[in-house]
file model-v8.txt (compact mmCIF, C-alpha atoms)
# COMPACT_ATOMS: atom_id res chain seq x y z
CA MET A 2 104.37 71.40 72.90
CA ALA A 3 101.44 71.76 70.48
CA VAL A 4 99.61 75.05 70.88
CA SER A 5 96.28 73.18 70.80
CA THR A 6 97.20 71.41 74.05
CA PHE A 7 98.79 74.45 75.70
CA ASP A 8 97.81 74.88 79.38
CA ILE A 9 97.86 78.63 79.86
CA ASP A 10 97.38 78.42 83.63
CA ALA A 11 100.33 76.10 84.17
CA PRO A 12 103.46 77.90 85.50
CA ARG A 13 105.96 78.72 82.78
CA TRP A 14 108.83 77.97 85.16
CA ASP A 15 109.18 75.29 87.82
CA GLN A 16 107.72 76.87 90.97
CA SER A 17 109.35 74.29 93.23
CA THR A 18 112.74 75.95 92.64
CA PHE A 19 113.97 79.38 93.74
CA MET A 20 115.05 80.37 90.22
CA GLY A 21 111.69 79.34 88.85
CA ARG A 22 109.85 81.51 91.37
CA LEU A 23 112.30 84.37 90.78
CA LYS A 24 111.68 84.30 87.02
CA HIS A 25 107.94 84.21 87.63
CA PHE A 26 107.97 87.32 89.83
CA PHE A 27 110.35 89.17 87.52
CA ASN A 28 107.84 88.39 84.81
CA ILE A 29 104.75 89.76 86.57
CA THR A 30 106.55 92.82 88.00
CA ASP A 31 107.95 93.93 84.63
CA CYS A 32 107.25 97.69 84.77
CA THR A 33 107.09 97.99 80.97
CA THR A 34 103.66 96.33 81.07
CA ALA A 35 102.34 99.30 83.05
CA LEU A 36 102.88 101.47 79.96
CA LEU A 37 100.56 99.48 77.73
CA PRO A 38 97.08 100.83 76.87
CA ASP A 39 93.93 99.18 78.21
CA SER A 40 93.04 98.01 74.72
CA ARG A 41 96.22 95.92 74.53
CA LEU A 42 95.53 94.43 77.96
CA ASP A 43 91.97 93.58 76.95
CA GLU A 44 93.29 91.80 73.86
CA ALA A 45 95.59 89.73 76.08
CA LYS A 46 92.68 88.88 78.37
CA LEU A 47 90.58 87.79 75.42
CA LEU A 48 93.37 85.52 74.16
CA VAL A 49 93.82 83.98 77.63
CA GLU A 50 90.09 83.33 77.96
CA SER A 51 89.98 81.86 74.45
CA CYS A 52 92.84 79.53 75.31
CA ARG A 53 91.05 78.42 78.48
CA ALA A 54 87.95 77.72 76.43
CA GLY A 55 90.00 75.63 73.99
CA SER A 56 89.53 77.93 71.00
CA ILE A 57 92.97 79.34 70.26
CA PRO A 58 92.97 81.62 67.18
CA PRO A 59 94.75 80.07 64.15
CA GLY A 60 98.36 81.17 63.77
CA THR A 61 98.85 81.90 67.47
CA THR A 62 102.30 80.93 68.71
CA GLU A 63 103.26 79.59 72.12
CA GLU A 64 105.31 82.72 72.78
CA GLN A 65 102.26 84.90 72.08
CA LEU A 66 100.28 82.86 74.60
CA HIS A 67 103.01 83.27 77.22
CA TYR A 68 103.10 87.02 76.65
CA ALA A 69 99.31 87.31 76.81
CA LYS A 70 99.34 85.46 80.14
CA LYS A 71 102.09 87.78 81.37
CA LEU A 72 99.95 90.83 80.57
CA TYR A 73 96.88 89.18 82.05
CA ASP A 74 98.63 88.35 85.33
CA SER A 75 100.12 91.85 85.57
CA ALA A 76 96.87 93.75 85.08
CA PHE A 77 93.86 91.59 86.04
CA HIS A 78 92.83 90.40 89.48
CA PRO A 79 93.30 86.60 89.79
CA ASP A 80 90.02 86.11 91.69
CA THR A 81 87.62 88.50 89.96
CA GLY A 82 89.22 88.89 86.52
CA ASP A 83 88.66 92.66 86.73
CA ARG A 84 91.32 95.05 85.44
CA MET A 85 93.21 96.51 88.41
CA ASN A 86 94.00 100.19 88.79
CA LEU A 87 97.44 101.12 87.47
CA ILE A 88 98.98 102.27 90.77
CA GLY A 89 97.99 99.10 92.59
CA ARG A 90 99.45 96.68 90.05
CA MET A 91 102.59 94.70 90.81
CA SER A 92 104.08 96.06 87.58
CA PHE A 93 103.96 99.57 89.05
CA GLN A 94 105.72 98.64 92.29
CA VAL A 95 109.28 99.28 91.11
CA PRO A 96 108.84 102.80 89.67
CA GLY A 97 106.19 103.86 92.20
CA GLY A 98 107.89 102.45 95.28
CA MET A 99 111.31 103.67 94.18
CA ALA A 100 110.10 107.25 93.75
CA ILE A 101 108.38 107.34 97.14
CA THR A 102 111.30 105.66 98.92
CA GLY A 103 113.69 108.20 97.42
CA ALA A 104 111.49 111.06 98.60
CA MET A 105 111.27 109.66 102.14
CA LEU A 106 115.04 109.26 102.32
CA GLN A 107 115.68 112.74 100.95
CA PHE A 108 113.06 114.77 102.82
CA TYR A 109 113.49 113.58 106.40
CA ARG A 110 114.83 116.65 108.18
CA THR A 111 111.60 118.55 108.91
CA VAL A 112 108.40 117.31 110.54
CA PRO A 113 106.06 118.58 107.75
CA ALA A 114 108.12 116.76 105.11
CA VAL A 115 108.14 113.57 107.19
CA VAL A 116 104.38 113.75 107.71
CA PHE A 117 103.65 114.37 104.02
CA TRP A 118 105.81 111.60 102.58
CA GLN A 119 104.77 109.05 105.19
CA TRP A 120 101.16 109.85 104.32
CA VAL A 121 101.91 109.43 100.60
CA ASN A 122 103.64 106.11 101.27
CA GLN A 123 100.85 104.70 103.40
CA SER A 124 98.23 105.83 100.88
CA PHE A 125 100.21 104.04 98.18
CA ASN A 126 100.53 100.89 100.32
CA ALA A 127 96.83 100.90 101.20
CA LEU A 128 95.90 101.11 97.52
CA VAL A 129 98.28 98.28 96.64
CA ASN A 130 96.95 96.08 99.46
CA TYR A 131 93.34 96.76 98.47
CA THR A 132 94.00 96.18 94.77
CA ASN A 133 95.66 92.82 95.46
CA ARG A 134 93.27 91.73 98.20
CA ASN A 135 91.88 88.22 98.45
CA ALA A 136 88.47 88.66 96.79
CA ALA A 137 87.25 85.47 98.45
CA SER A 138 87.47 87.30 101.79
CA PRO A 139 85.66 90.60 101.14
CA ILE A 140 86.40 93.62 103.33
CA THR A 141 83.94 96.44 104.02
CA PRO A 142 84.64 100.14 103.29
CA LYS A 143 84.62 100.76 107.06
CA GLN A 144 87.30 98.13 107.63
CA ILE A 145 89.36 99.60 104.79
CA GLY A 146 89.07 103.06 106.35
CA VAL A 147 90.06 101.82 109.80
CA ALA A 148 93.06 99.95 108.36
CA TYR A 149 94.19 103.01 106.40
CA VAL A 150 93.84 105.43 109.32
CA THR A 151 95.51 103.03 111.77
CA ALA A 152 98.48 102.30 109.48
CA THR A 153 98.93 105.96 108.58
CA GLY A 154 98.70 106.99 112.22
CA THR A 155 101.25 104.36 113.22
CA ALA A 156 103.68 105.47 110.52
CA LEU A 157 103.30 109.16 111.38
CA ALA A 158 103.62 108.59 115.13
CA THR A 159 106.74 106.45 114.64
CA ALA A 160 108.34 108.81 112.11
CA VAL A 161 107.60 112.07 113.94
CA GLY A 162 108.45 110.59 117.34
CA LEU A 163 111.78 109.18 116.19
CA ASN A 164 112.51 112.30 114.15
CA LEU A 165 112.24 114.44 117.27
CA TYR A 166 114.07 111.86 119.40
CA THR A 167 117.03 111.68 117.01
CA LYS A 168 117.62 115.44 116.74
CA LYS A 169 120.80 115.06 118.78
CA ALA A 170 121.72 111.66 117.38
CA PRO A 171 124.24 111.12 114.55
CA PRO A 172 122.85 112.14 111.14
CA LEU A 173 122.85 108.56 109.91
CA VAL A 174 120.43 107.50 112.64
CA ALA A 175 117.94 110.15 111.51
CA ARG A 176 118.18 108.82 107.94
CA TRP A 177 116.97 105.42 109.18
CA VAL A 178 113.77 106.85 110.69
CA PRO A 179 111.73 106.33 107.46
CA PHE A 180 112.56 102.63 107.50
CA ALA A 181 111.41 102.28 111.12
CA ALA A 182 108.14 104.02 110.23
CA VAL A 183 107.59 101.82 107.17
CA ALA A 184 108.29 98.66 109.18
CA ALA A 185 105.91 99.69 111.96
CA ALA A 186 103.15 100.58 109.50
CA ASN A 187 103.49 97.28 107.64
CA CYS A 188 102.97 95.42 110.91
CA VAL A 189 99.61 97.17 111.21
CA ASN A 190 98.46 97.83 107.64
CA ILE A 191 98.62 94.33 106.18
CA PRO A 192 96.90 92.44 109.05
CA MET A 193 94.21 95.14 109.20
CA MET A 194 93.57 95.06 105.45
CA ARG A 195 93.36 91.26 105.53
CA GLN A 196 91.54 90.89 108.83
CA GLN A 197 88.73 88.85 107.29
CA GLU A 198 91.23 86.14 106.43
CA ILE A 199 92.52 86.10 110.00
CA LEU A 200 88.98 85.91 111.41
CA ASN A 201 87.47 83.43 108.95
CA GLY A 202 90.49 81.66 107.48
CA ILE A 203 91.48 81.15 103.84
CA ALA A 204 90.44 78.42 101.45
CA VAL A 205 92.69 75.35 101.45
CA THR A 206 92.82 73.06 98.41
CA ASP A 207 94.50 69.79 97.51
CA GLU A 208 97.00 69.34 94.69
CA ASN A 209 94.13 69.10 92.20
CA GLY A 210 92.53 72.36 93.24
CA ASN A 211 89.67 70.76 95.16
CA LYS A 212 88.56 72.88 98.10
CA LEU A 213 89.06 71.16 101.45
CA GLY A 214 87.91 73.89 103.80
CA HIS A 215 89.17 77.06 105.49
CA SER A 216 92.22 77.50 107.72
CA LYS A 217 92.88 80.37 110.13
CA LYS A 218 96.36 79.00 110.80
CA ALA A 219 97.25 79.18 107.10
CA ALA A 220 95.92 82.75 106.98
CA ARG A 221 98.01 83.84 109.96
CA LYS A 222 101.11 82.17 108.54
CA GLY A 223 100.62 83.70 105.10
CA ILE A 224 99.99 87.22 106.42
CA THR A 225 103.00 86.99 108.75
CA GLN A 226 105.18 86.01 105.80
CA VAL A 227 103.84 88.94 103.77
CA VAL A 228 104.66 91.39 106.59
CA ILE A 229 108.18 90.00 106.96
CA SER A 230 108.77 90.02 103.20
CA ARG A 231 107.54 93.63 102.84
CA ILE A 232 109.91 94.80 105.57
CA THR A 233 112.78 92.71 104.17
CA MET A 234 112.25 94.10 100.66
CA ALA A 235 112.35 97.66 101.98
CA ALA A 236 115.45 97.09 104.10
CA PRO A 237 118.27 97.15 101.49
CA GLY A 238 117.24 100.44 99.94
CA MET A 239 116.24 102.18 103.15
CA ILE A 240 119.20 100.98 105.26
CA ILE A 241 122.09 100.76 102.80
CA LEU A 242 121.31 103.86 100.68
CA PRO A 243 121.48 106.24 103.69
CA ILE A 244 124.96 104.90 104.46
CA ILE A 245 126.04 105.52 100.87
CA MET A 246 124.52 109.02 100.84
CA GLN A 247 126.18 109.83 104.15
CA ARG A 248 129.57 109.03 102.65
CA LEU A 249 128.91 110.77 99.33
CA GLU A 250 127.85 114.01 101.00
CA LYS A 251 131.43 114.44 102.20
CA TYR A 252 132.41 115.18 98.62
CA LYS A 253 131.99 118.65 97.08
CA PHE A 254 130.23 117.42 93.93
CA ILE A 255 127.34 116.16 96.11
CA SER A 256 127.10 118.91 98.68

call {"tool": "encode", "arguments": {"input": "model-v8.txt", "output": "structure tokens"}}
result
Amino acid sequence: MAVSTFDIDAPRWDQSTFMGRLKHFFNITDCTTALLPDSRLDEAKLLVESCRAGSIPPGTTEEQLHYAKKLYDSAFHPDTGDRMNLIGRMSFQVPGGMAITGAMLQFYRTVPAVVFWQWVNQSFNALVNYTNRNAASPITPKQIGVAYVTATGTALATAVGLNLYTKKAPPLVARWVPFAAVAAANCVNIPMMRQQEILNGIAVTDENGNKLGHSKKAARKGITQVVISRITMAAPGMIILPIIMQRLEKYKFIS
């Protein structure tokens, strides 16, 4: 493909296939992009915008354009074009989420520890949800506050309640309490943060990008899928790791 005719907004991989979608999401969640300075990200944005305007700098290769688009997608909001805060970016999800998940799985024995790490997790989730919100459906500061307090309260009530309830249960059951709290909070946090989409619907377009109208059904379906996917993504680490740790703690080198 000639660089002069390069469509920078076209998917690099076939999005109708699972592998194509997998490569796309591996690309935008690459945590190494979170280490780059703002100046490098701004350069990538400038190159993307130049390409869209049809004025690609001489000597630019197709690979450079792909990499610029990767940086742009990882750091700039798709609706507003504004640079997103570091913690809320998809590229920060692996290191950030991994650290918080590890802390929740490790510090689960006491109520203060449960309360603190559930609060940290919900604060992290709220920031991620706000950063990646649909800018076409604006949400007020009051709605954001209500969503945050409700999700945090749900997580804390679930975690503390189950923590106390499982005092006499097998140790493994207590290790699964953080997952139950995370799942419950996701069922509240995401719909609350995206309530405007549920109330007013989301924009629906045809294959050419022409806006056809708004659909509440599409919004409900999309948000439901997000909730299910968030819980599913958390499940392997928060269900399987406790089983592994339970077995490892039988050995002297761990205990």

call {"tool": "residues_around", "arguments": {"input": "model-v8.txt", "residues": "stretch 27-37 of chain A", "least_positions_apart": "2", "cutoff": "12 Å", "atoms": "all atoms listed in the file", "output": "NGL selection string"}}
result
:A and (12-14 or 20-25 or 39-45 or 67-77 or 85-99)

call {"tool": "residues_around", "arguments": {"input": "model-v8.txt", "residues": "A:Phe7", "least_positions_apart": "2", "cutoff": "12 Å", "atoms": "all atoms listed in the file", "output": "MDAnalysis selection string"}}
result
chainID A and resid 2:5 9:13 49 51:57 61:67 70

call {"tool": "residues_near_point", "arguments": {"input": "model-v8.txt", "point": "(97.2, 94.7, 101.0)", "cutoff": "6 Å", "atoms": "all atoms listed in the file", "output": "list in words"}}
result
Val129, Asn130, Tyr131, Arg134, Ile191 and Met194 of chain A

call {"tool": "atom_distance", "arguments": {"input": "model-v8.txt", "atom1": "atom CA of A:Leu157", "atom2": "atom CA of A:Arg221"}}
result
25.9 Å

call {"tool": "closest_residue", "arguments": {"input": "model-v8.txt", "among": "A:Ala204, A:Ile232, A:Ile199, A:Leu163", "to": "A:Lys217", "atoms": "only C-alpha atoms"}}
result
A:Ile199

call {"tool": "atom_distance", "arguments": {"input": "model-v8.txt", "atom1": "atom CA of A:Ser230", "atom2": "atom CA of A:Ala160"}}
result
20.8 Å

call {"tool": "atom_distance", "arguments": {"input": "model-v8.txt", "atom1": "atom CA of A:Val112", "atom2": "atom CA of A:Val161"}}
result
6.3 Å

call {"tool": "residues_around", "arguments": {"input": "model-v8.txt", "residues": "A:Ala235", "least_positions_apart": "6", "cutoff": "12 Å", "atoms": "all atoms listed in the file", "output": "PyMOL selection string"}}
result
chain A and resi 94-95+98-99+101-103+106+177+179-184+187+228-229+241-242

call {"tool": "axis_aligned_box", "arguments": {"input": "model-v8.txt", "around": "stretch 181-196 of chain A", "padding_each_side": "5 Å", "output": "AutoDock Vina command-line options"}}
result
--center_x 101.5 --center_y 97.5 --center_z 108.7 --size_x 29.9 --size_y 23.1 --size_z 16.5

call {"tool": "residues_around", "arguments": {"input": "model-v8.txt", "residues": "A:Ala186", "least_positions_apart": "6", "cutoff": "9 Å", "atoms": "only C-alpha atoms", "output": "list in words"}}
result
Gln123, Thr151, Ala152, Thr153, Gly154, Thr155, Ala156, Leu157 and Thr159 of chain A

call {"tool": "closest_residue", "arguments": {"input": "model-v8.txt", "among": "A:Thr233, A:Thr167, A:Asn190, A:Asn135", "to": "A:Gly202", "atoms": "only C-alpha atoms"}}
result
A:Asn135
